[in-house]
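Structure data (mmCIF, C-alpha atoms and all ligand atoms) from protein.cif:
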```cif
data_input
loop_
_atom_site.label_atom_id
_atom_site.label_comp_id
_atom_site.auth_asym_id
_atom_site.auth_seq_id
_atom_site.Cartn_x
_atom_site.Cartn_y
_atom_site.Cartn_z
CA MET A 1 8.90 -12.55 26.07
CA ASN A 2 12.65 -12.65 26.00
CA ASN A 3 14.18 -10.73 23.13
CA LEU A 4 16.97 -8.39 22.13
CA PHE A 5 15.82 -5.77 24.59
CA GLY A 6 15.16 -7.97 27.57
CA LEU A 7 12.13 -9.33 29.30
CA GLY A 8 8.67 -7.97 28.76
CA THR A 9 9.41 -5.83 25.73
CA LYS A 10 7.92 -6.61 22.39
CA ASN A 11 9.27 -5.76 18.99
CA ILE A 12 6.75 -4.85 16.38
CA GLY A 13 6.90 -3.92 12.72
CA ILE A 14 4.28 -1.65 11.17
CA ASP A 15 3.49 -1.22 7.51
CA LEU A 16 1.84 2.18 7.71
CA GLY A 17 0.29 2.18 4.27
CA THR A 18 -1.89 4.69 2.49
CA ALA A 19 -4.61 2.09 2.10
CA ASN A 20 -3.93 -0.45 4.84
CA THR A 21 -1.93 -0.71 8.03
CA ILE A 22 -0.49 -4.09 8.86
CA VAL A 23 1.14 -4.95 12.16
CA TYR A 24 3.67 -7.72 12.68
CA VAL A 25 4.58 -8.82 16.21
CA ASP A 26 7.89 -10.58 16.73
CA GLY A 27 7.28 -14.23 17.50
CA LYS A 28 3.64 -14.09 16.41
CA GLY A 29 3.64 -12.86 12.82
CA ILE A 30 0.93 -10.64 11.40
CA VAL A 31 -1.67 -9.86 14.04
CA LEU A 32 -3.58 -6.99 12.50
CA ARG A 33 -4.57 -5.84 9.05
CA GLU A 34 -6.91 -2.86 8.83
CA PRO A 35 -7.68 0.06 6.55
CA SER A 36 -5.75 3.27 7.35
CA VAL A 37 -8.98 5.12 8.00
CA VAL A 38 -10.30 7.09 10.97
CA SER A 39 -13.71 8.59 11.55
CA LYS A 40 -13.98 11.73 13.65
CA SER A 41 -16.61 14.04 15.01
CA THR A 42 -16.78 17.21 12.95
CA LYS A 43 -17.91 19.05 16.10
CA ASN A 44 -15.01 18.40 18.46
CA GLY A 45 -12.56 16.28 16.47
CA GLU A 46 -13.08 13.30 18.78
CA ILE A 47 -12.15 9.91 17.29
CA ILE A 48 -15.24 7.79 16.65
CA ALA A 49 -13.79 4.72 15.00
CA VAL A 50 -10.50 3.47 13.56
CA GLY A 51 -9.68 0.92 10.88
CA GLU A 52 -12.33 -1.46 9.58
CA GLU A 53 -15.11 0.11 11.60
CA ALA A 54 -14.28 3.55 10.19
CA ARG A 55 -13.96 2.18 6.66
CA ASP A 56 -17.49 0.76 6.84
CA MET A 57 -18.76 4.29 7.47
CA ILE A 58 -17.39 5.65 4.17
CA GLY A 59 -20.15 7.17 2.07
CA ARG A 60 -22.67 6.73 4.88
CA THR A 61 -21.73 9.49 7.29
CA PRO A 62 -24.05 12.19 8.59
CA SER A 63 -22.60 15.71 8.63
CA SER A 64 -21.48 15.23 12.22
CA ILE A 65 -18.91 12.59 11.21
CA GLU A 66 -15.97 12.96 8.86
CA ILE A 67 -13.78 10.24 7.42
CA VAL A 68 -10.05 10.88 7.46
CA ARG A 69 -7.31 8.95 5.67
CA PRO A 70 -4.33 10.31 7.58
CA MET A 71 -1.72 8.90 5.19
CA LYS A 72 -1.38 10.28 1.70
CA ASP A 73 1.09 9.08 -0.92
CA GLY A 74 2.91 7.13 1.76
CA VAL A 75 3.56 10.04 4.10
CA ILE A 76 1.71 11.51 7.06
CA ALA A 77 -0.86 14.01 5.84
CA ASP A 78 -2.63 14.46 9.18
CA TYR A 79 -0.26 14.09 12.12
CA ASP A 80 -2.71 13.99 15.05
CA THR A 81 -5.01 11.51 13.35
CA THR A 82 -2.03 9.30 12.49
CA VAL A 83 -0.99 9.29 16.14
CA ALA A 84 -4.51 8.32 17.21
CA MET A 85 -4.64 5.58 14.60
CA LEU A 86 -1.22 4.20 15.54
CA LYS A 87 -2.11 4.24 19.23
CA TYR A 88 -5.24 2.23 18.52
CA PHE A 89 -3.44 -0.29 16.28
CA ILE A 90 -0.47 -0.75 18.63
CA GLY A 91 -2.84 -1.26 21.57
CA LYS A 92 -4.93 -3.74 19.62
CA ALA A 93 -1.89 -5.64 18.36
CA LEU A 94 -0.30 -6.03 21.79
CA GLY A 95 -3.46 -6.67 23.80
CA HIS A 96 -2.79 -6.71 27.51
CA SER A 97 0.95 -7.28 27.36
CA SER A 98 2.89 -4.84 29.44
CA GLY A 99 5.87 -2.76 28.42
CA LYS A 100 6.21 -0.33 25.57
CA PRO A 101 7.30 -1.93 22.30
CA TYR A 102 10.22 -1.11 20.06
CA VAL A 103 8.65 -0.29 16.73
CA MET A 104 9.98 -0.41 13.20
CA VAL A 105 7.90 1.47 10.64
CA CYS A 106 8.44 1.39 6.92
CA VAL A 107 8.60 4.62 4.92
CA PRO A 108 8.71 5.29 1.18
CA THR A 109 12.12 5.87 -0.36
CA GLY A 110 12.90 9.47 -1.12
CA ILE A 111 10.80 11.04 1.62
CA THR A 112 12.32 14.09 3.27
CA ALA A 113 14.10 14.05 6.63
CA VAL A 114 11.18 16.03 8.06
CA GLU A 115 8.65 13.48 6.84
CA LYS A 116 10.78 10.67 8.29
CA ARG A 117 11.06 12.49 11.62
CA ALA A 118 7.26 12.88 11.68
CA VAL A 119 6.81 9.11 11.38
CA ILE A 120 9.30 8.44 14.19
CA ASP A 121 7.74 11.09 16.44
CA ALA A 122 4.17 9.96 15.76
CA THR A 123 5.13 6.37 16.59
CA LYS A 124 6.73 7.40 19.87
CA VAL A 125 3.79 9.59 20.85
CA ALA A 126 1.53 6.64 20.00
CA GLY A 127 3.29 4.51 22.62
CA ALA A 128 6.56 3.15 21.26
CA ARG A 129 9.55 2.92 23.57
CA ASP A 130 11.63 3.79 20.55
CA ALA A 131 10.91 3.92 16.84
CA TYR A 132 12.95 3.27 13.70
CA VAL A 133 12.24 3.44 10.02
CA ILE A 134 13.14 1.16 7.14
CA GLU A 135 12.73 1.92 3.45
CA GLU A 136 9.66 0.23 2.08
CA PRO A 137 11.06 -1.47 -1.02
CA PHE A 138 13.81 -2.96 1.10
CA ALA A 139 11.23 -4.29 3.56
CA ALA A 140 9.13 -5.57 0.67
CA ALA A 141 12.12 -7.44 -0.73
CA ILE A 142 12.87 -9.05 2.65
CA GLY A 143 9.21 -10.02 2.97
CA ALA A 144 9.18 -11.44 -0.54
CA GLY A 145 12.12 -13.66 0.40
CA LEU A 146 14.61 -12.06 -1.99
CA PRO A 147 18.32 -12.51 -1.24
CA VAL A 148 18.77 -8.86 -0.20
CA MET A 149 22.11 -9.38 1.53
CA ASP A 150 23.74 -11.32 -1.32
CA PRO A 151 25.99 -9.87 -4.02
CA THR A 152 23.24 -10.30 -6.58
CA GLY A 153 20.70 -7.81 -7.89
CA SER A 154 16.98 -8.19 -7.22
CA MET A 155 14.16 -5.99 -8.43
CA VAL A 156 11.01 -5.46 -6.44
CA VAL A 157 7.98 -3.48 -7.57
CA ASP A 158 5.60 -2.61 -4.73
CA ILE A 159 2.22 -1.42 -5.97
CA GLY A 160 0.28 -0.04 -3.05
CA GLY A 161 -2.61 2.36 -2.66
CA GLY A 162 -0.80 5.67 -3.16
CA THR A 163 2.52 4.88 -4.78
CA THR A 164 4.26 2.33 -6.92
CA ASP A 165 7.85 1.87 -5.77
CA VAL A 166 10.41 0.22 -7.96
CA ALA A 167 13.80 -0.68 -6.55
CA THR A 168 16.85 -2.73 -7.28
CA ILE A 169 18.56 -4.15 -4.24
CA SER A 170 21.94 -5.77 -3.72
CA LEU A 171 24.32 -6.36 -0.81
CA GLY A 172 21.92 -5.10 1.85
CA GLY A 173 21.04 -1.80 0.24
CA ILE A 174 18.91 -0.10 -2.36
CA VAL A 175 20.96 0.43 -5.53
CA SER A 176 18.41 2.41 -7.53
CA SER A 177 14.80 3.28 -7.01
CA ARG A 178 11.91 5.23 -8.41
CA SER A 179 8.50 6.06 -7.08
CA VAL A 180 5.39 7.25 -8.89
CA ARG A 181 2.16 8.43 -7.38
CA ILE A 182 0.18 6.02 -9.50
CA ALA A 183 -1.08 2.91 -7.81
CA GLY A 184 -4.32 1.31 -6.63
CA ASP A 185 -6.10 4.52 -5.57
CA LYS A 186 -5.37 6.27 -8.87
CA LEU A 187 -6.72 3.28 -10.77
CA ASN A 188 -9.94 3.55 -8.72
CA GLU A 189 -10.13 7.24 -9.54
CA PHE A 190 -9.66 6.55 -13.25
CA ILE A 191 -12.54 4.05 -13.06
CA TYR A 192 -14.74 6.55 -11.25
CA GLN A 193 -14.03 9.21 -13.88
CA TYR A 194 -14.51 6.88 -16.82
CA VAL A 195 -17.88 5.60 -15.59
CA ARG A 196 -18.95 9.17 -14.90
CA GLN A 197 -18.02 10.34 -18.38
CA LYS A 198 -19.19 7.37 -20.40
CA TYR A 199 -22.41 6.55 -18.55
CA ASN A 200 -23.22 9.81 -16.75
CA LEU A 201 -23.13 7.71 -13.61
CA LEU A 202 -21.72 8.80 -10.28
CA ILE A 203 -20.38 5.85 -8.33
CA GLY A 204 -18.84 5.57 -4.87
CA GLU A 205 -15.17 5.14 -4.13
CA ARG A 206 -15.71 1.60 -2.91
CA THR A 207 -17.80 0.69 -5.93
CA ALA A 208 -14.94 1.79 -8.21
CA GLU A 209 -12.54 -0.39 -6.24
CA GLN A 210 -14.94 -3.33 -6.29
CA LEU A 211 -15.15 -3.04 -10.09
CA LYS A 212 -11.36 -3.20 -10.30
CA TRP A 213 -11.26 -6.35 -8.18
CA ASP A 214 -14.19 -8.04 -9.87
CA ILE A 215 -13.63 -7.36 -13.55
CA GLY A 216 -10.37 -5.38 -13.75
CA THR A 217 -7.53 -6.70 -15.88
CA ALA A 218 -4.35 -5.15 -17.21
CA SER A 219 -4.75 -7.05 -20.47
CA PRO A 220 -7.02 -5.64 -23.21
CA GLU A 221 -7.29 -9.15 -24.76
CA VAL A 222 -8.40 -10.78 -21.50
CA ALA A 223 -10.88 -7.95 -20.90
CA GLU A 224 -12.81 -9.07 -24.00
CA SER A 225 -13.55 -12.40 -22.35
CA ILE A 226 -14.77 -11.14 -18.96
CA ASN A 227 -18.49 -10.57 -18.41
CA SER A 228 -19.84 -7.13 -17.62
CA VAL A 229 -21.42 -6.38 -14.25
CA PRO A 230 -24.36 -4.20 -13.26
CA VAL A 231 -23.28 -1.12 -11.34
CA ARG A 232 -25.54 1.09 -9.28
CA GLY A 233 -24.97 4.77 -8.78
CA ARG A 234 -26.58 8.15 -9.26
CA ASP A 235 -27.49 9.52 -12.67
CA LEU A 236 -25.67 12.81 -13.22
CA VAL A 237 -28.51 14.21 -15.31
CA THR A 238 -31.64 13.16 -13.42
CA GLY A 239 -30.01 12.91 -10.01
CA LEU A 240 -31.83 9.61 -9.49
CA PRO A 241 -30.39 6.17 -8.73
CA LYS A 242 -29.69 4.05 -11.80
CA SER A 243 -27.99 0.81 -12.79
CA VAL A 244 -25.67 0.39 -15.77
CA ASP A 245 -23.78 -2.62 -17.17
CA VAL A 246 -20.05 -1.83 -17.01
CA THR A 247 -17.71 -4.00 -19.07
CA ALA A 248 -14.20 -5.28 -18.36
CA VAL A 249 -13.14 -3.43 -21.51
CA ASP A 250 -14.39 -0.20 -19.90
CA ILE A 251 -12.30 -0.88 -16.82
CA ASN A 252 -9.26 -1.86 -18.87
CA THR A 253 -9.58 1.33 -20.92
CA ALA A 254 -10.02 3.42 -17.77
CA ILE A 255 -6.90 2.07 -16.05
CA GLY A 256 -4.76 1.62 -19.19
CA GLU A 257 -2.90 4.90 -18.89
CA GLY A 258 -2.07 4.22 -15.24
CA ILE A 259 -0.70 0.77 -16.07
CA GLN A 260 1.46 2.28 -18.82
CA GLU A 261 2.94 4.75 -16.35
CA ILE A 262 3.80 1.96 -13.95
CA ILE A 263 5.49 0.09 -16.81
CA SER A 264 7.46 3.20 -17.87
CA THR A 265 8.72 3.59 -14.32
CA ILE A 266 9.91 -0.02 -14.24
CA LYS A 267 11.63 0.40 -17.60
CA GLU A 268 13.36 3.60 -16.54
CA THR A 269 14.66 1.91 -13.39
CA LEU A 270 15.94 -1.02 -15.43
CA GLU A 271 17.68 1.35 -17.83
CA GLU A 272 19.47 3.02 -14.93
CA THR A 273 20.92 -0.14 -13.43
CA SER A 274 24.41 -1.43 -14.02
CA PRO A 275 24.78 -4.22 -16.61
CA GLU A 276 25.59 -6.67 -13.78
CA ILE A 277 22.37 -5.94 -11.90
CA ALA A 278 20.35 -5.90 -15.12
CA ALA A 279 21.71 -9.37 -15.87
CA ASP A 280 20.79 -10.57 -12.35
CA VAL A 281 17.26 -9.20 -12.76
CA ILE A 282 16.87 -11.00 -16.10
CA ASP A 283 17.96 -14.21 -14.34
CA HIS A 284 15.76 -13.92 -11.24
CA GLY A 285 12.94 -11.89 -12.68
CA ILE A 286 11.02 -8.96 -11.20
CA VAL A 287 8.95 -9.62 -8.08
CA LEU A 288 5.67 -7.76 -7.53
CA THR A 289 4.42 -6.95 -4.02
CA GLY A 290 1.58 -4.83 -2.61
CA GLY A 291 -2.14 -5.13 -3.24
CA GLY A 292 -1.83 -3.74 -6.74
CA ALA A 293 0.13 -6.86 -7.72
CA LEU A 294 -3.18 -8.72 -7.54
CA LEU A 295 -4.66 -6.90 -10.51
CA ARG A 296 -5.45 -9.58 -13.07
CA ASN A 297 -2.76 -10.16 -15.74
CA LEU A 298 -0.61 -7.30 -14.50
CA ALA A 299 2.42 -9.56 -14.13
CA ASP A 300 2.01 -10.86 -17.71
CA VAL A 301 1.61 -7.37 -19.13
CA ILE A 302 4.74 -6.12 -17.33
CA ALA A 303 6.69 -9.19 -18.47
CA ASP A 304 5.61 -8.55 -22.05
CA ALA A 305 6.61 -4.91 -21.95
CA THR A 306 9.98 -5.40 -20.26
CA GLN A 307 10.93 -8.81 -21.65
CA VAL A 308 11.89 -9.85 -18.12
CA PRO A 309 10.12 -12.66 -16.22
CA VAL A 310 7.74 -11.29 -13.58
CA SER A 311 6.30 -13.10 -10.57
CA ILE A 312 3.95 -12.14 -7.75
CA ALA A 313 5.29 -12.57 -4.22
CA LYS A 314 3.50 -14.94 -1.89
CA ASP A 315 0.92 -12.94 0.11
CA PRO A 316 1.79 -9.68 -1.70
CA LEU A 317 -0.29 -7.53 0.67
CA ASP A 318 1.77 -8.72 3.67
CA CYS A 319 5.32 -8.54 2.27
CA VAL A 320 6.20 -5.09 3.56
CA ALA A 321 4.89 -5.80 7.06
CA VAL A 322 6.66 -9.14 7.25
CA GLY A 323 9.90 -7.59 5.99
CA THR A 324 9.58 -4.66 8.39
CA GLY A 325 9.04 -7.04 11.29
CA GLU A 326 11.84 -9.36 10.23
CA SER A 327 14.23 -6.43 9.93
CA LEU A 328 13.88 -5.82 13.67
CA LYS A 329 16.15 -8.81 14.05
CA SER A 330 18.97 -6.74 12.62
CA ILE A 331 18.01 -3.64 14.55
CA ASP A 332 21.56 -3.06 15.76
CA ILE A 333 22.73 -2.60 12.18
CA ILE A 334 19.78 -0.33 11.40
CA LYS A 335 20.37 1.78 14.52
CA LYS A 336 23.91 2.45 13.39
CA LYS A 337 22.69 3.60 9.99
CA GLN A 338 20.18 6.13 11.41
P1 LIG B 1 -0.60 0.38 0.80
O1 LIG B 1 0.69 -0.31 1.15
O2 LIG B 1 -0.39 1.68 0.07
O3 LIG B 1 -1.51 0.53 1.97
P2 LIG B 1 -1.52 -2.13 -0.26
O4 LIG B 1 -0.27 -2.85 -0.60
O5 LIG B 1 -2.26 -2.56 0.95
O6 LIG B 1 -1.34 -0.54 -0.24
O7 LIG B 1 -2.48 -2.25 -1.54
C1 LIG B 1 -3.69 -1.60 -1.58
C2 LIG B 1 -4.14 -1.49 -3.01
O8 LIG B 1 -4.22 -2.80 -3.59
C3 LIG B 1 -5.53 -0.89 -3.09
O9 LIG B 1 -5.52 0.17 -4.03
C4 LIG B 1 -6.39 -2.04 -3.59
O10 LIG B 1 -7.42 -1.60 -4.44
C5 LIG B 1 -5.39 -2.89 -4.34
N1 LIG B 1 -5.83 -4.27 -4.41
C6 LIG B 1 -6.05 -5.16 -3.42
N2 LIG B 1 -6.52 -6.33 -3.89
C7 LIG B 1 -6.61 -6.18 -5.23
C8 LIG B 1 -7.05 -7.01 -6.31
N3 LIG B 1 -7.47 -8.26 -6.09
N4 LIG B 1 -7.00 -6.51 -7.56
C9 LIG B 1 -6.58 -5.26 -7.79
N5 LIG B 1 -6.16 -4.41 -6.84
C10 LIG B 1 -6.18 -4.87 -5.58
MG MG B 2 2.49 -0.76 1.05
#
```

Take the structure from the file and write it as structure tokens.
Amino acid sequence: MNNLFGLGTKNIGIDLGTANTIVYVDGKGIVLREPSVVSKSTKNGEIIAVGEEARDMIGRTPSSIEIVRPMKDGVIADYDTTVAMLKYFIGKALGHSSGKPYVMVCVPTGITAVEKRAVIDATKVAGARDAYVIEEPFAAAIGAGLPVMDPTGSMVVDIGGGTTDVATISLGGIVSSRSVRIAGDKLNEFIYQYVRQKYNLLIGERTAEQLKWDIGTASPEVAESINSVPVRGRDLVTGLPKSVDVTAVDINTAIGEGIQEIISTIKETLEETSPEIAADVIDHGIVLTGGGALLRNLADVIADATQVPVSIAKDPLDCVAVGTGESLKSIDIIKKKQ
């Protein structure tokens, strides 16, 4: 394919998320969307499976296999496993096409220079001809279709697996931003703990997440009107399997504190912005991206608490990847900045 870098070279954008990795190929769009999970042999460290296949092994592994999530809170926690995972994803995304790709990877705002370097190095070792990074909220805003280059303020709140990132953006840059380590995974953990305490029931990580998707809501009022669901797990006292009816009110109570923290972070960011940008945000509203944006009634609850209109971006799970990929088009500008 003919592109900025000449024949045969592909440009790809990678959203290397804590929960999911999404790959965007220039000219094709999103070609891959898989969990950021790797399974390895505990004997020799050999990679057994990556992505979806590895995710399906969670909670079902014999002692010879361990499950690794190489990304934690948006940064690389396990370098070698990240390289292996990236190699697999890049290979899968490009298929048989020849030539090493130029790769843009998004990173959380406020990560250290060392953490940033690790992402660039890992991407090169995984097969990139060259690698660049873009700040995640900026990519999210591009992907959400916000006018990031215009002299007007936009606010994007990206709620992922590990972190919630709030940023105001204007004239091609991030004006203010905040990040908290409370997002989808923490909500799952709160659910796990609540069910354990209230019902003496031990549930799996994926069961907690499924509960959030199925009956989770940010609104205590709405929770009253959602039916409970039976949940299977292990009784803490007897050690035997048991089933318990868990209510939407339970889930709402469990995640309530987490939601409040996300709201406080948004409010603090709003309070820090200039009056001009605050006025722009009131006009255009706050845009939510990331998988966490899909939590029922979250947008309404944030709108209520901030008194600013809130909307969910189209395809919120894909925004960062799309924005990362799209930003490759202005790679010359980005190169100069790095
Ligand atoms: P990351 O960028 O950190 O990989 P994502 O943007 O992919 O994260 O979002 C993943 C998070 O979104 C997970 O914690 C997941 O539970 C949550 N999520 C996905 N769909 C829903 C849903 N329908 N309701 C609530 N949370 C959801
Ligand atoms: Mg993300």

Write as a ChimeraX atom specification the residues around ligand MG 2 (chain B), taking 7 Å as the cut-off and counting all atoms listed in the file. /A:15,17,158,160,290,320

Step by step, measure atom-to-atom distances between ligand LIG 1 (chain B) and each residue using only C-alpha atoms and all ligand atoms, keep those at most 6 Å, then write them as a list in words. Gly17, Thr18, Ala19, Asn20, Gly160, Gly161, Gly162, Gly184, Asp185, Glu209, Lys212, Trp213, Gly290, Gly291, Gly292, Leu294, Leu295 and Leu317 of chain A

Among listed residues A:Asn188, A:Ser176, A:Ser311, A:Ser225, nearest A:Ala248 (using all atoms listed in the file):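 The closest residue to A:Ala248 is A:Ser225.
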
Using only C-alpha atoms, which protein or nucleic acid residues come within 12 Å of A:Val37? Drop anything in the same chain fewer than 2 positions from it, and give the result as a PyMOL selection string. chain A and resi 16-21+33-35+39-40+47-58+66-72+78+81-82+84-86+88-89

Please produce an output containing C-alpha atoms for each residue in the selection, written as a PDB file, in the coordinates of the input.
```pdb
ATOM      1  CA  LEU A  16       1.840   2.180   7.710  1.00  0.00           C
ATOM      2  CA  GLY A  17       0.290   2.180   4.270  1.00  0.00           C
ATOM      3  CA  THR A  18      -1.890   4.690   2.490  1.00  0.00           C
ATOM      4  CA  ALA A  19      -4.610   2.090   2.100  1.00  0.00           C
ATOM      5  CA  ASN A  20      -3.930  -0.450   4.840  1.00  0.00           C
ATOM      6  CA  THR A  21      -1.930  -0.710   8.030  1.00  0.00           C
ATOM      7  CA  ARG A  33      -4.570  -5.840   9.050  1.00  0.00           C
ATOM      8  CA  GLU A  34      -6.910  -2.860   8.830  1.00  0.00           C
ATOM      9  CA  PRO A  35      -7.680   0.060   6.550  1.00  0.00           C
ATOM     10  CA  SER A  39     -13.710   8.590  11.550  1.00  0.00           C
ATOM     11  CA  LYS A  40     -13.980  11.730  13.650  1.00  0.00           C
ATOM     12  CA  ILE A  47     -12.150   9.910  17.290  1.00  0.00           C
ATOM     13  CA  ILE A  48     -15.240   7.790  16.650  1.00  0.00           C
ATOM     14  CA  ALA A  49     -13.790   4.720  15.000  1.00  0.00           C
ATOM     15  CA  VAL A  50     -10.500   3.470  13.560  1.00  0.00           C
ATOM     16  CA  GLY A  51      -9.680   0.920  10.880  1.00  0.00           C
ATOM     17  CA  GLU A  52     -12.330  -1.460   9.580  1.00  0.00           C
ATOM     18  CA  GLU A  53     -15.110   0.110  11.600  1.00  0.00           C
ATOM     19  CA  ALA A  54     -14.280   3.550  10.190  1.00  0.00           C
ATOM     20  CA  ARG A  55     -13.960   2.180   6.660  1.00  0.00           C
ATOM     21  CA  ASP A  56     -17.490   0.760   6.840  1.00  0.00           C
ATOM     22  CA  MET A  57     -18.760   4.290   7.470  1.00  0.00           C
ATOM     23  CA  ILE A  58     -17.390   5.650   4.170  1.00  0.00           C
ATOM     24  CA  GLU A  66     -15.970  12.960   8.860  1.00  0.00           C
ATOM     25  CA  ILE A  67     -13.780  10.240   7.420  1.00  0.00           C
ATOM     26  CA  VAL A  68     -10.050  10.880   7.460  1.00  0.00           C
ATOM     27  CA  ARG A  69      -7.310   8.950   5.670  1.00  0.00           C
ATOM     28  CA  PRO A  70      -4.330  10.310   7.580  1.00  0.00           C
ATOM     29  CA  MET A  71      -1.720   8.900   5.190  1.00  0.00           C
ATOM     30  CA  LYS A  72      -1.380  10.280   1.700  1.00  0.00           C
ATOM     31  CA  ASP A  78      -2.630  14.460   9.180  1.00  0.00           C
ATOM     32  CA  THR A  81      -5.010  11.510  13.350  1.00  0.00           C
ATOM     33  CA  THR A  82      -2.030   9.300  12.490  1.00  0.00           C
ATOM     34  CA  ALA A  84      -4.510   8.320  17.210  1.00  0.00           C
ATOM     35  CA  MET A  85      -4.640   5.580  14.600  1.00  0.00           C
ATOM     36  CA  LEU A  86      -1.220   4.200  15.540  1.00  0.00           C
ATOM     37  CA  TYR A  88      -5.240   2.230  18.520  1.00  0.00           C
ATOM     38  CA  PHE A  89      -3.440  -0.290  16.280  1.00  0.00           C
TER      39      PHE A  89
END
```

Would you mind telling me which residue in A:Ser274, A:Thr207, A:Gln260, A:Thr123 lies nearest to A:Ser170 when using all atoms listed in the file?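 Answer, going by the shortest atom-to-atom distance: A:Ser274.
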
From the options A:Ile266, A:Asp130, A:Val125, A:Asn200, which residue's atoms come nearest to A:Tyr79, counting only C-alpha atoms? A:Val125

With distances taken over all atoms listed in the file, which residue among A:Ile65, A:Ile120, A:Gly239, A:Gly59 lies nearest A:Arg206? A:Gly59

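The space between atom CA of A:Ile226 and atom CA of A:Asp318 spans 28.1 Å.
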
Pick out the closest residue to A:Ala303 from this set: A:Ala218, A:Thr238, A:Pro147, A:Val246. Count all atoms listed in the file.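 Ranking A:Ala218, A:Thr238, A:Pro147, A:Val246 by distance to A:Ala303, first place goes to A:Ala218.
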
Mind checking which residues fall within 9 Å of A:Asp315, counting all atoms listed in the file, ignoring those fewer than 4 positions away in the same chain, and posting them as a PyMOL selection string? chain A and resi 144+289-290+319

Report as a ChimeraX atom specification all protein, DNA and RNA residues lying within 6 Å of A:Gly285, evaluated on all atoms listed in the file, omitting residues in the same chain fewer than 2 positions from it. /A:281-283,308-310
